[in-house]
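entry-v5.txt (compact mmCIF, C-alpha atoms and all ligand atoms) appears below.
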```
# COMPACT_ATOMS: atom_id res chain seq x y z
CA MET T 1 -2.24 3.25 -13.80
CA ALA T 2 -3.22 2.54 -17.41
CA GLY T 3 -0.13 4.29 -18.82
CA PRO T 4 2.51 2.67 -21.03
CA GLY T 5 5.20 1.91 -18.36
CA ARG T 6 5.56 -1.88 -18.06
CA PHE T 7 6.52 -1.69 -14.40
CA LYS T 8 4.48 0.80 -12.36
CA LEU T 9 6.07 2.70 -9.52
CA GLY T 10 4.39 4.20 -6.50
CA VAL T 11 5.29 5.79 -3.19
CA PHE T 12 3.90 3.98 -0.16
CA ALA T 13 3.00 5.24 3.31
CA ALA T 14 4.03 8.90 3.00
CA ASN T 15 0.89 9.73 5.02
CA ALA T 16 2.30 8.11 8.18
CA ASP T 17 5.24 9.08 10.32
CA GLY T 18 8.29 6.98 9.56
CA GLY T 19 6.75 5.92 6.26
CA LEU T 20 7.41 2.19 6.53
CA ALA T 21 10.47 2.57 8.78
CA ILE T 22 10.52 2.24 12.55
CA THR T 23 13.59 4.25 13.44
CA THR T 24 14.77 7.03 15.70
CA VAL T 25 17.09 8.77 13.20
CA PRO T 26 16.35 12.51 13.24
CA GLU T 27 15.87 12.65 9.47
CA ARG T 28 13.04 10.07 9.64
CA TRP T 29 9.85 10.92 7.73
CA ARG T 30 7.56 13.16 9.79
CA ALA T 31 4.61 13.02 7.39
CA GLY T 32 3.46 16.60 7.83
CA TRP T 33 1.01 17.87 5.25
CA ASP T 34 3.63 19.92 3.43
CA ASP T 35 5.90 16.85 3.34
CA ASN T 36 3.09 14.87 1.72
CA LEU T 37 2.36 17.59 -0.79
CA ALA T 38 6.02 17.91 -1.76
CA ALA T 39 6.45 14.14 -2.03
CA ALA T 40 3.35 13.71 -4.20
CA ARG T 41 4.40 16.47 -6.57
CA MET T 42 7.95 15.11 -6.71
CA ALA T 43 6.71 11.59 -7.46
CA GLU T 44 4.33 12.92 -10.11
CA ASP T 45 7.07 14.97 -11.78
CA ALA T 46 9.36 11.93 -11.77
CA GLY T 47 6.67 9.96 -13.63
CA PHE T 48 5.62 7.69 -10.77
CA GLU T 49 2.20 6.20 -11.50
CA PHE T 50 0.72 6.12 -8.00
CA PHE T 51 0.78 7.47 -4.46
CA LEU T 52 -0.51 4.98 -1.92
CA PRO T 53 -1.21 5.61 1.77
CA ILE T 54 -1.08 3.18 4.65
CA ALA T 55 -4.21 2.95 6.83
CA ARG T 56 -3.35 3.22 10.52
CA TRP T 57 -5.43 4.28 13.49
CA GLN T 58 -2.96 3.47 16.29
CA GLY T 59 0.81 3.51 16.62
CA PHE T 60 3.26 0.92 17.86
CA GLY T 61 4.56 2.89 20.83
CA GLY T 62 8.28 2.99 21.52
CA GLN T 63 10.36 6.12 21.70
CA THR T 64 8.83 7.59 18.52
CA ARG T 65 5.25 6.34 18.97
CA ALA T 66 5.79 4.95 15.49
CA ARG T 67 2.89 5.42 13.06
CA GLU T 68 0.62 7.02 15.67
CA TRP T 69 0.65 10.09 13.44
CA SER T 70 -1.04 9.30 10.13
CA PHE T 71 -3.44 11.15 7.88
CA GLU T 72 -6.85 9.64 7.14
CA THR T 73 -6.75 8.52 3.56
CA PHE T 74 -9.96 9.83 1.89
CA THR T 75 -9.32 13.37 3.05
CA TRP T 76 -5.58 13.05 2.38
CA ALA T 77 -6.27 11.93 -1.20
CA ALA T 78 -8.82 14.70 -1.70
CA GLY T 79 -6.25 17.31 -0.70
CA LEU T 80 -3.61 15.84 -2.97
CA ALA T 81 -6.09 15.46 -5.81
CA ALA T 82 -6.57 19.19 -5.90
CA ALA T 83 -2.81 19.80 -5.90
CA THR T 84 -1.65 17.29 -8.53
CA SER T 85 -2.70 16.50 -12.08
CA ARG T 86 -1.40 13.14 -13.31
CA ILE T 87 -0.51 10.74 -10.51
CA ALA T 88 -3.06 8.14 -9.30
CA LEU T 89 -4.09 8.67 -5.68
CA PHE T 90 -5.19 5.64 -3.71
CA MET T 91 -7.23 5.52 -0.57
CA THR T 92 -6.50 2.65 1.81
CA VAL T 93 -9.73 1.69 3.48
CA HIS T 94 -10.49 -0.77 6.27
CA VAL T 95 -13.56 -2.79 5.31
CA PRO T 96 -14.60 -3.50 8.92
CA LEU T 97 -14.16 0.12 10.07
CA VAL T 98 -15.65 2.15 7.21
CA HIS T 99 -19.24 1.71 6.16
CA PRO T 100 -19.59 0.94 2.42
CA VAL T 101 -22.15 3.68 1.81
CA TYR T 102 -19.74 6.23 3.29
CA ALA T 103 -16.84 4.70 1.33
CA ALA T 104 -18.81 4.86 -1.94
CA LYS T 105 -19.55 8.53 -1.55
CA ALA T 106 -16.08 9.53 -0.33
CA LEU T 107 -14.34 7.55 -3.07
CA ALA T 108 -16.57 9.04 -5.76
CA THR T 109 -15.92 12.50 -4.38
CA VAL T 110 -12.15 12.06 -4.69
CA HIS T 111 -12.65 10.52 -8.13
CA HIS T 112 -14.39 13.72 -9.24
CA ILE T 113 -11.89 16.08 -7.56
CA SER T 114 -9.03 14.19 -9.26
CA HIS T 115 -10.79 13.87 -12.62
CA GLY T 116 -10.59 10.09 -12.48
CA ARG T 117 -7.26 9.50 -10.73
CA ALA T 118 -8.62 7.98 -7.52
CA GLY T 119 -8.02 4.34 -6.62
CA LEU T 120 -9.15 2.09 -3.79
CA ASN T 121 -6.82 -0.12 -1.71
CA ILE T 122 -8.91 -2.50 0.35
CA VAL T 123 -7.55 -3.75 3.68
CA CYS T 124 -9.34 -6.07 6.06
CA GLY T 125 -7.05 -5.05 8.93
CA TRP T 126 -5.28 -7.04 11.61
CA ASN T 127 -4.62 -4.87 14.64
CA PRO T 128 -6.95 -5.74 17.55
CA GLY T 129 -6.23 -2.37 19.20
CA GLU T 130 -7.55 -0.58 16.14
CA PHE T 131 -10.66 -2.75 16.06
CA ALA T 132 -11.17 -1.96 19.76
CA MET T 133 -11.06 1.78 19.04
CA PHE T 134 -14.12 1.22 16.85
CA ALA T 135 -15.72 -1.15 19.37
CA THR T 136 -15.64 -4.01 16.91
CA THR T 137 -13.76 -7.25 16.26
CA PRO T 138 -12.51 -8.81 13.03
CA ALA T 139 -15.14 -10.69 11.04
CA ALA T 140 -14.97 -14.47 11.13
CA ARG T 141 -14.65 -14.41 7.34
CA PRO T 142 -13.22 -11.00 6.50
CA TYR T 143 -13.20 -11.49 2.74
CA LYS T 144 -16.84 -12.56 2.71
CA GLN T 145 -17.52 -9.19 4.31
CA ALA T 146 -15.18 -7.47 1.83
CA ALA T 147 -17.03 -9.00 -1.13
CA GLU T 148 -20.37 -7.71 0.20
CA TRP T 149 -18.80 -4.33 0.97
CA LEU T 150 -17.37 -3.87 -2.52
CA ASP T 151 -20.55 -5.14 -4.16
CA ILE T 152 -22.54 -2.46 -2.32
CA ILE T 153 -20.16 0.22 -3.65
CA GLU T 154 -20.47 -1.04 -7.22
CA ARG T 155 -24.23 -1.32 -6.97
CA ALA T 156 -24.45 2.18 -5.52
CA TYR T 157 -22.60 3.52 -8.57
CA ALA T 158 -24.68 1.49 -11.05
CA ALA T 159 -28.15 1.96 -9.56
CA ASP T 160 -30.45 4.67 -10.80
CA ALA T 161 -32.91 4.05 -7.97
CA PRO T 162 -32.47 3.37 -4.25
CA PHE T 163 -31.91 -0.32 -3.42
CA ASP T 164 -31.98 -2.53 -0.35
CA VAL T 165 -29.24 -4.93 0.77
CA ALA T 166 -29.96 -8.16 2.60
CA GLY T 167 -26.49 -9.60 3.14
CA GLU T 168 -24.77 -11.48 5.93
CA TYR T 169 -22.85 -8.37 7.04
CA TYR T 170 -24.98 -5.53 5.72
CA ARG T 171 -28.75 -5.12 5.90
CA LEU T 172 -29.42 -1.72 4.38
CA ARG T 173 -32.49 0.15 3.20
CA GLY T 174 -32.87 2.64 0.36
CA VAL T 175 -29.19 2.93 -0.56
CA VAL T 176 -28.30 5.69 -2.99
CA SER T 177 -24.95 7.37 -3.71
CA ARG T 178 -24.60 10.17 -6.19
CA PRO T 179 -22.41 11.15 -7.87
CA ALA T 180 -21.13 7.78 -8.98
CA SER T 181 -17.42 7.44 -9.70
CA LEU T 182 -16.43 8.56 -13.19
CA GLN T 183 -15.14 5.07 -13.95
CA ARG T 184 -17.35 1.95 -13.89
CA PRO T 185 -17.96 -0.37 -12.28
CA ARG T 186 -15.69 1.54 -9.80
CA PRO T 187 -12.24 3.16 -9.63
CA VAL T 188 -9.11 0.98 -9.93
CA THR T 189 -9.13 -1.33 -6.93
CA MET T 190 -6.48 -3.41 -5.20
CA ASN T 191 -6.56 -5.68 -2.19
CA ALA T 192 -3.62 -5.71 0.22
CA ALA T 193 -3.23 -9.29 1.41
CA PHE T 194 -1.11 -12.40 1.49
CA SER T 195 -3.43 -15.26 2.53
CA ASP T 196 -5.30 -17.67 0.26
CA ALA T 197 -8.60 -16.01 1.12
CA GLY T 198 -7.16 -12.57 0.37
CA ARG T 199 -5.79 -13.76 -2.95
CA ASP T 200 -9.12 -15.31 -3.88
CA PHE T 201 -10.92 -12.08 -3.07
CA ALA T 202 -8.47 -10.07 -5.22
CA ALA T 203 -8.74 -12.64 -8.02
CA ARG T 204 -12.52 -12.45 -8.10
CA HIS T 205 -13.17 -8.80 -7.38
CA CYS T 206 -10.14 -6.49 -7.80
CA ASP T 207 -7.80 -5.20 -10.48
CA TYR T 208 -4.66 -5.88 -8.44
CA LEU T 209 -3.41 -7.88 -5.50
CA PHE T 210 -0.97 -5.84 -3.40
CA SER T 211 1.29 -8.30 -1.64
CA THR T 212 4.68 -9.01 -0.10
CA PHE T 213 7.38 -11.54 -0.88
CA THR T 214 10.44 -12.66 1.08
CA ASP T 215 12.91 -13.54 -1.67
CA ILE T 216 12.71 -12.28 -5.24
CA GLU T 217 12.81 -15.86 -6.54
CA ASP T 218 9.54 -16.60 -4.68
CA GLY T 219 7.84 -14.00 -6.84
CA ARG T 220 7.12 -16.20 -9.81
CA ARG T 221 5.29 -18.70 -7.61
CA HIS T 222 3.16 -15.96 -6.00
CA VAL T 223 2.35 -14.34 -9.36
CA ALA T 224 1.45 -17.68 -10.97
CA ASP T 225 -0.72 -18.51 -7.98
CA ILE T 226 -2.77 -15.33 -8.25
CA ALA T 227 -2.95 -15.65 -12.06
CA GLY T 228 -4.35 -19.17 -11.63
CA ARG T 229 -6.95 -17.99 -9.13
CA ALA T 230 -7.97 -15.14 -11.45
CA ALA T 231 -8.16 -17.42 -14.49
CA ALA T 232 -10.45 -19.74 -12.53
CA ALA T 233 -12.74 -16.73 -12.07
CA GLY T 234 -12.44 -15.82 -15.77
CA ARG T 235 -10.41 -12.71 -14.94
CA ARG T 236 -6.93 -11.24 -15.12
CA VAL T 237 -5.46 -9.55 -12.09
CA GLY T 238 -2.17 -7.68 -11.77
CA VAL T 239 0.15 -8.11 -8.80
CA LEU T 240 1.85 -5.15 -7.15
CA THR T 241 4.38 -5.41 -4.37
CA VAL T 242 6.15 -3.25 -1.83
CA ALA T 243 9.80 -2.50 -1.03
CA HIS T 244 11.85 -0.10 1.07
CA VAL T 245 14.69 1.64 -0.71
CA VAL T 246 18.12 2.79 0.39
CA CYS T 247 19.98 3.89 -2.71
CA ARG T 248 23.39 5.54 -2.49
CA GLU T 249 26.38 6.06 -4.79
CA THR T 250 27.90 2.76 -3.61
CA THR T 251 26.38 -0.39 -2.21
CA ALA T 252 28.70 -0.18 0.82
CA GLU T 253 27.35 3.29 1.62
CA ALA T 254 23.75 2.12 1.22
CA GLU T 255 24.31 -0.92 3.41
CA ALA T 256 25.98 1.18 6.10
CA TYR T 257 23.02 3.56 6.21
CA TYR T 258 20.57 0.65 6.22
CA ARG T 259 22.36 -0.82 9.26
CA HIS T 260 22.42 2.59 10.91
CA TYR T 261 18.74 3.42 10.69
CA ALA T 262 17.25 -0.08 10.84
CA VAL T 263 19.56 -1.76 13.37
CA THR T 264 21.59 0.68 15.48
CA ALA T 265 18.96 3.43 15.60
CA ALA T 266 15.84 1.24 15.24
CA ASP T 267 13.05 2.10 17.67
CA GLN T 268 13.39 -1.32 19.30
CA ALA T 269 10.26 -1.24 21.47
CA ALA T 270 8.10 -0.18 18.53
CA VAL T 271 9.68 -2.85 16.31
CA ASP T 272 8.88 -5.45 19.00
CA ALA T 273 5.26 -4.26 19.20
CA HIS T 274 4.82 -4.18 15.43
CA MET T 275 6.36 -7.61 14.89
CA ALA T 276 4.51 -9.22 17.78
CA GLY T 277 1.18 -7.81 16.58
CA LYS T 278 1.71 -8.80 12.99
CA LYS T 279 2.92 -12.26 13.92
CA ALA T 280 -0.06 -12.90 16.15
CA PHE T 281 -2.82 -11.34 14.10
CA ALA T 282 -1.83 -10.81 10.45
CA GLY T 283 -0.89 -13.37 7.87
CA SER T 284 0.56 -10.65 5.70
CA HIS T 285 4.02 -12.19 5.42
CA ASP T 286 5.66 -15.53 4.98
CA ALA T 287 6.02 -17.04 8.48
CA ARG T 288 9.80 -17.23 8.19
CA ALA T 289 10.03 -13.51 7.39
CA PHE T 290 9.39 -12.77 11.07
CA ASP T 291 12.23 -14.95 12.27
CA LEU T 292 14.78 -13.98 9.68
CA TYR T 293 14.34 -10.33 9.12
CA ARG T 294 14.02 -8.05 12.14
CA GLN T 295 16.00 -5.49 10.17
CA ARG T 296 13.37 -5.61 7.44
CA PHE T 297 10.64 -4.81 9.94
CA ALA T 298 12.54 -1.83 11.33
CA GLY T 299 13.62 -0.86 7.84
CA GLY T 300 10.32 -1.20 6.01
CA ALA T 301 7.54 -3.05 7.85
CA GLY T 302 8.81 -6.41 6.68
CA SER T 303 8.85 -5.52 3.00
CA TYR T 304 11.71 -6.35 0.64
CA PRO T 305 14.86 -4.17 1.00
CA LEU T 306 16.19 -2.57 -2.17
CA VAL T 307 19.55 -1.53 -0.78
CA GLY T 308 22.53 -0.62 -2.90
CA SER T 309 23.99 1.46 -5.68
CA PRO T 310 21.70 2.71 -8.46
CA ARG T 311 22.79 -0.22 -10.63
CA LYS T 312 22.09 -2.81 -7.92
CA VAL T 313 18.69 -1.30 -7.08
CA ALA T 314 17.73 -1.12 -10.78
CA GLU T 315 18.84 -4.73 -11.33
CA GLU T 316 16.77 -5.91 -8.41
CA ILE T 317 13.71 -4.01 -9.61
CA ALA T 318 14.21 -5.58 -13.05
CA ALA T 319 14.43 -8.98 -11.37
CA ILE T 320 11.15 -8.30 -9.51
CA ALA T 321 9.54 -7.29 -12.81
CA ALA T 322 10.90 -10.45 -14.45
CA GLU T 323 9.10 -12.54 -11.82
CA GLY T 324 5.86 -11.10 -13.17
CA TYR T 325 5.03 -8.25 -10.79
CA GLY T 326 3.31 -5.32 -12.46
CA GLY T 327 4.79 -2.70 -10.17
CA ALA T 328 6.00 -1.77 -6.72
CA ALA T 329 5.14 0.78 -4.08
CA LEU T 330 8.37 2.14 -2.61
CA ALA T 331 9.16 3.63 0.78
CA PHE T 332 12.17 5.73 1.75
CA VAL T 333 13.46 6.87 5.15
CA ASN T 334 12.93 10.43 3.99
CA CYS T 335 10.97 10.51 0.76
CA THR T 336 11.65 14.05 -0.39
CA GLU T 337 15.37 13.87 0.45
CA GLU T 338 15.92 10.52 -1.25
CA LEU T 339 13.54 10.50 -4.19
CA PRO T 340 15.62 12.91 -6.35
CA PHE T 341 18.64 10.55 -6.30
CA PHE T 342 16.39 7.60 -7.17
CA ARG T 343 14.75 9.63 -9.94
CA ASP T 344 18.05 10.79 -11.44
CA ARG T 345 20.05 7.59 -11.09
CA VAL T 346 17.68 4.61 -11.01
CA LEU T 347 14.83 5.63 -13.33
CA PRO T 348 17.13 6.04 -16.38
CA LEU T 349 18.43 2.50 -15.82
CA LEU T 350 14.86 1.18 -15.66
CA ALA T 351 14.10 3.02 -18.90
CA GLN T 352 17.18 1.46 -20.52
CA ALA T 353 15.93 -1.94 -19.36
CA GLY T 354 12.65 -1.27 -21.16
CA LEU T 355 10.64 -1.27 -17.96
CA ARG T 356 9.59 2.37 -18.04
CA ALA T 357 9.33 5.25 -20.44
CA GLY T 358 12.55 7.30 -20.60
C1 LIG W 1 1.24 -5.05 1.08
C2 LIG W 1 0.29 -4.98 2.23
C3 LIG W 1 -0.13 -3.74 2.71
C4 LIG W 1 -0.99 -3.66 3.80
N1 LIG W 1 -1.40 -2.43 4.25
C5 LIG W 1 -2.18 -2.35 5.36
C6 LIG W 1 -2.60 -1.12 5.90
O1 LIG W 1 -2.29 -0.06 5.35
N2 LIG W 1 -3.35 -1.12 7.04
C7 LIG W 1 -3.73 -2.28 7.66
O2 LIG W 1 -4.39 -2.23 8.68
N3 LIG W 1 -3.38 -3.47 7.15
C8 LIG W 1 -2.61 -3.54 6.03
N4 LIG W 1 -2.26 -4.75 5.55
C9 LIG W 1 -2.69 -5.97 6.27
C10 LIG W 1 -4.00 -6.52 5.72
O3 LIG W 1 -5.05 -5.62 6.03
C11 LIG W 1 -4.35 -7.85 6.35
O4 LIG W 1 -4.67 -7.69 7.68
C12 LIG W 1 -3.22 -8.82 6.37
O5 LIG W 1 -2.62 -8.88 5.11
C13 LIG W 1 -3.76 -10.18 6.79
O6 LIG W 1 -4.72 -10.58 5.89
P1 LIG W 1 -4.37 -11.74 4.87
O7 LIG W 1 -4.15 -12.92 5.75
O8 LIG W 1 -5.51 -11.87 3.98
O9 LIG W 1 -3.14 -11.33 4.17
C14 LIG W 1 -1.42 -4.85 4.43
C15 LIG W 1 -1.02 -6.09 3.93
C16 LIG W 1 -0.18 -6.16 2.85
C17 LIG W 1 0.21 -7.52 2.33
```
Take the structure in this file and express it as structure tokens.
Amino acid sequence: MAGPGRFKLGVFAANADGGLAITTVPERWRAGWDDNLAAARMAEDAGFEFFLPIARWQGFGGQTRAREWSFETFTWAAGLAAATSRIALFMTVHVPLVHPVYAAKALATVHHISHGRAGLNIVCGWNPGEFAMFATTPAARPYKQAAEWLDIIERAYAADAPFDVAGEYYRLRGVVSRPASLQRPRPVTMNAAFSDAGRDFAARHCDYLFSTFTDIEDGRRHVADIAGRAAAAGRRVGVLTVAHVVCRETTAEAEAYYRHYAVTAADQAAVDAHMAGKKAFAGSHDARAFDLYRQRFAGGAGSYPLVGSPRKVAEEIAAIAAEGYGGAALAFVNCTEELPFFRDRVLPLLAQAGLRAG
């Protein structure tokens, strides 16, 4: 993540079936272990900076039981850490569902296995069904809990003697966690959020905010907003975003495939469940995104669609970079089938644009 490329690229959600798509097409991503391994190695060889999992405990039903199949992210990252050598491997961790003492030890373990390539993506969660699986409910002030949670991890790495915690959410005795992560105060950390409270938490405590946008031109406003919040805390914080990609020789071809998998062959019941849940319980998107963009939810969980020829996709990525984003996590319908075309045809254009090393 500290490399020279101005605009970082990652792969998002390869650990879950469908990736970010909710579709019935037979070529959809199945997220088997060998698929993940192949995708991580392919992304690493292509020079992608990071590999980022989604954290899911339940699916959205429908014909495909979308996202019900997903690998747990500490163990997933540990496996990939042993099989790769350069790419950063994030773990996406639900603050309310994973105890901070466990998270500290698991994260440090992957940091050691990967020789310092592990990163933490903090999510506070939104799905009441997932909270119910753990017999809990969302905190009244999730980011207050997240701040305590992350502070415990940092203290566990810094402390050379056991310590107690007397917080609002955690009252712990004799906390110790060795080994510490190789990097201090902790591995690279991002927070996946959209709300004011989520942005404030990222601004005060994280290295990056991981967030969505609806139109590229909104980007500048979002980036300036987080920069302002970080400056108020005497910090600088990068902003990463997320997009789903359909890149083909021509824009017409790409658009036809996008319609095919995300409209005609969308898993409609699962799209309904996903959109209804997100609309009711997560503020992770602009409100109008829900009304305008059903195709975006089937296509890529409501993220921005990069659909077109290599030139169009590269120009849109350059436009996203120009708004001030530091990078993007990308999702494909089938990562290992589609990444080679993106690597061969889009990456050289991004290098020409000065956004990435050639
Ligand atoms: C880019 C992005 C990625 C997210 N990834 C996950 C995830 O993997 N698992 C999850 O449960 N929630 C995920 N969320 C949702 C957040 O955990 C959170 O519930 C949601 O953003 C609402 O919080 P907010 O109002 O602070 O944004 C993500 C949100 C964003 C913006």
Show me a table, sorted first by chain and then by increasing residue number, of the residues of chain T having an atom at most 8 Å from ligand LIG 1 (chain W), each with its shortest atom pair and the distance in Å to one decimal, counting only C-alpha atoms and all ligand atoms and written as a tab-separated table.
```
residue	atom	partner	partner_atom	distance
T:Ala13	CA	W:LIG1	O1	7.8
T:Pro53	CA	W:LIG1	O1	6.8
T:Ile54	CA	W:LIG1	O1	3.5
T:Ala55	CA	W:LIG1	O1	3.9
T:Arg56	CA	W:LIG1	N2	5.6
T:Thr92	CA	W:LIG1	O1	6.1
T:Val93	CA	W:LIG1	N2	7.8
T:His94	CA	W:LIG1	O2	6.7
T:Ile122	CA	W:LIG1	O3	7.5
T:Val123	CA	W:LIG1	O3	3.9
T:Cys124	CA	W:LIG1	O3	4.3
T:Gly125	CA	W:LIG1	O3	3.6
T:Trp126	CA	W:LIG1	O4	4.0
T:Asn127	CA	W:LIG1	O2	6.5
T:Tyr143	CA	W:LIG1	O8	7.8
T:Ala192	CA	W:LIG1	C16	4.4
T:Ala193	CA	W:LIG1	O9	3.4
T:Phe194	CA	W:LIG1	O9	3.5
T:Ser195	CA	W:LIG1	O7	4.0
T:Asp196	CA	W:LIG1	O8	6.9
T:Ala197	CA	W:LIG1	O8	5.9
T:Gly198	CA	W:LIG1	O8	4.0
T:Arg199	CA	W:LIG1	O8	7.2
T:Phe210	CA	W:LIG1	C1	5.1
T:Ser211	CA	W:LIG1	C17	4.2
T:Thr212	CA	W:LIG1	C17	5.3
T:Thr241	CA	W:LIG1	C1	6.3
T:Val242	CA	W:LIG1	C1	6.0
T:Phe281	CA	W:LIG1	C13	7.5
T:Ala282	CA	W:LIG1	C13	4.2
T:Gly283	CA	W:LIG1	O7	3.9
T:Ser284	CA	W:LIG1	O5	3.7
T:His285	CA	W:LIG1	C17	6.8
T:Ser303	CA	W:LIG1	C1	7.9
```
The selected residues should be written to file as an mmCIF file, keeping the file's coordinate frame (atoms: C-alpha atoms).
```
data_model
loop_
_atom_site.group_PDB
_atom_site.id
_atom_site.type_symbol
_atom_site.label_atom_id
_atom_site.label_comp_id
_atom_site.auth_asym_id
_atom_site.auth_seq_id
_atom_site.Cartn_x
_atom_site.Cartn_y
_atom_site.Cartn_z
ATOM 1 C CA ALA T 13 3.000 5.240 3.310
ATOM 2 C CA PRO T 53 -1.210 5.610 1.770
ATOM 3 C CA ILE T 54 -1.080 3.180 4.650
ATOM 4 C CA ALA T 55 -4.210 2.950 6.830
ATOM 5 C CA ARG T 56 -3.350 3.220 10.520
ATOM 6 C CA THR T 92 -6.500 2.650 1.810
ATOM 7 C CA VAL T 93 -9.730 1.690 3.480
ATOM 8 C CA HIS T 94 -10.490 -0.770 6.270
ATOM 9 C CA ILE T 122 -8.910 -2.500 0.350
ATOM 10 C CA VAL T 123 -7.550 -3.750 3.680
ATOM 11 C CA CYS T 124 -9.340 -6.070 6.060
ATOM 12 C CA GLY T 125 -7.050 -5.050 8.930
ATOM 13 C CA TRP T 126 -5.280 -7.040 11.610
ATOM 14 C CA ASN T 127 -4.620 -4.870 14.640
ATOM 15 C CA TYR T 143 -13.200 -11.490 2.740
ATOM 16 C CA ALA T 192 -3.620 -5.710 0.220
ATOM 17 C CA ALA T 193 -3.230 -9.290 1.410
ATOM 18 C CA PHE T 194 -1.110 -12.400 1.490
ATOM 19 C CA SER T 195 -3.430 -15.260 2.530
ATOM 20 C CA ASP T 196 -5.300 -17.670 0.260
ATOM 21 C CA ALA T 197 -8.600 -16.010 1.120
ATOM 22 C CA GLY T 198 -7.160 -12.570 0.370
ATOM 23 C CA ARG T 199 -5.790 -13.760 -2.950
ATOM 24 C CA PHE T 210 -0.970 -5.840 -3.400
ATOM 25 C CA SER T 211 1.290 -8.300 -1.640
ATOM 26 C CA THR T 212 4.680 -9.010 -0.100
ATOM 27 C CA THR T 241 4.380 -5.410 -4.370
ATOM 28 C CA VAL T 242 6.150 -3.250 -1.830
ATOM 29 C CA PHE T 281 -2.820 -11.340 14.100
ATOM 30 C CA ALA T 282 -1.830 -10.810 10.450
ATOM 31 C CA GLY T 283 -0.890 -13.370 7.870
ATOM 32 C CA SER T 284 0.560 -10.650 5.700
ATOM 33 C CA HIS T 285 4.020 -12.190 5.420
ATOM 34 C CA SER T 303 8.850 -5.520 3.000
#
```
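Here the question is which of T:Ala301, T:Ala351, T:Val333, T:Ala328 gets nearest to Ala31 in chain T using all atoms listed in the file, and that residue is T:Val333.
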Quiz item: Just how far from CA of Arg204 in chain T is CA of Pro179 in chain T, in Å to one decimal?
Solution: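 Between CA of Pro179 in chain T and CA of Arg204 in chain T the gap works out to 25.6 Å.
Computed from the coordinates, the CA of Phe71 in chain T to CA of Phe7 in chain T distance equals 27.6 Å.
The two atoms in question, CA of Gly116 in chain T and CA of Lys8 in chain T, are spaced 17.7 Å apart.
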Quiz item: Out of T:Ala77, T:Ala230, T:Leu20, T:Leu182, which residue has the shortest atom-to-atom distance to Pro305 in chain T when counting all atoms listed in the file?
Solution: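 When distances to Pro305 in chain T are compared using all atoms listed in the file, the smallest one comes from T:Leu20.
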If you take every atom of range 149-154 of chain T that the file lists and fit an axis-aligned box around them with 6 Å extra on each side, what centre and edge lengths come out in Å to one decimal, as JSON?
```
{"center_x": -20.0, "center_y": -2.5, "center_z": -3.1, "size_x": 17.2, "size_y": 17.4, "size_z": 20.2}
```
Practice problem: Can you work out which one of T:Glu49, T:Asp218, T:Glu323, T:Asp267 has the shortest atom-to-atom distance to Ala21 in chain T, counting only C-alpha atoms? | Solution: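 Looking at the shortest contact to Ala21 in chain T, the residue is T:Asp267.
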Quiz prompt | Residue contacts of Tyr169 in chain T (12 Å, only C-alpha atoms) excluding same-chain residues fewer than 6 positions away, as a ChimeraX atom specification | solution = /T:95-96,99-100,138-152
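Comparing the minimum interatomic distances between Asn121 in chain T and each of T:Val246, T:Met190, T:Leu52, T:Val223, counting all atoms listed in the file, we find that T:Met190 sits nearest.
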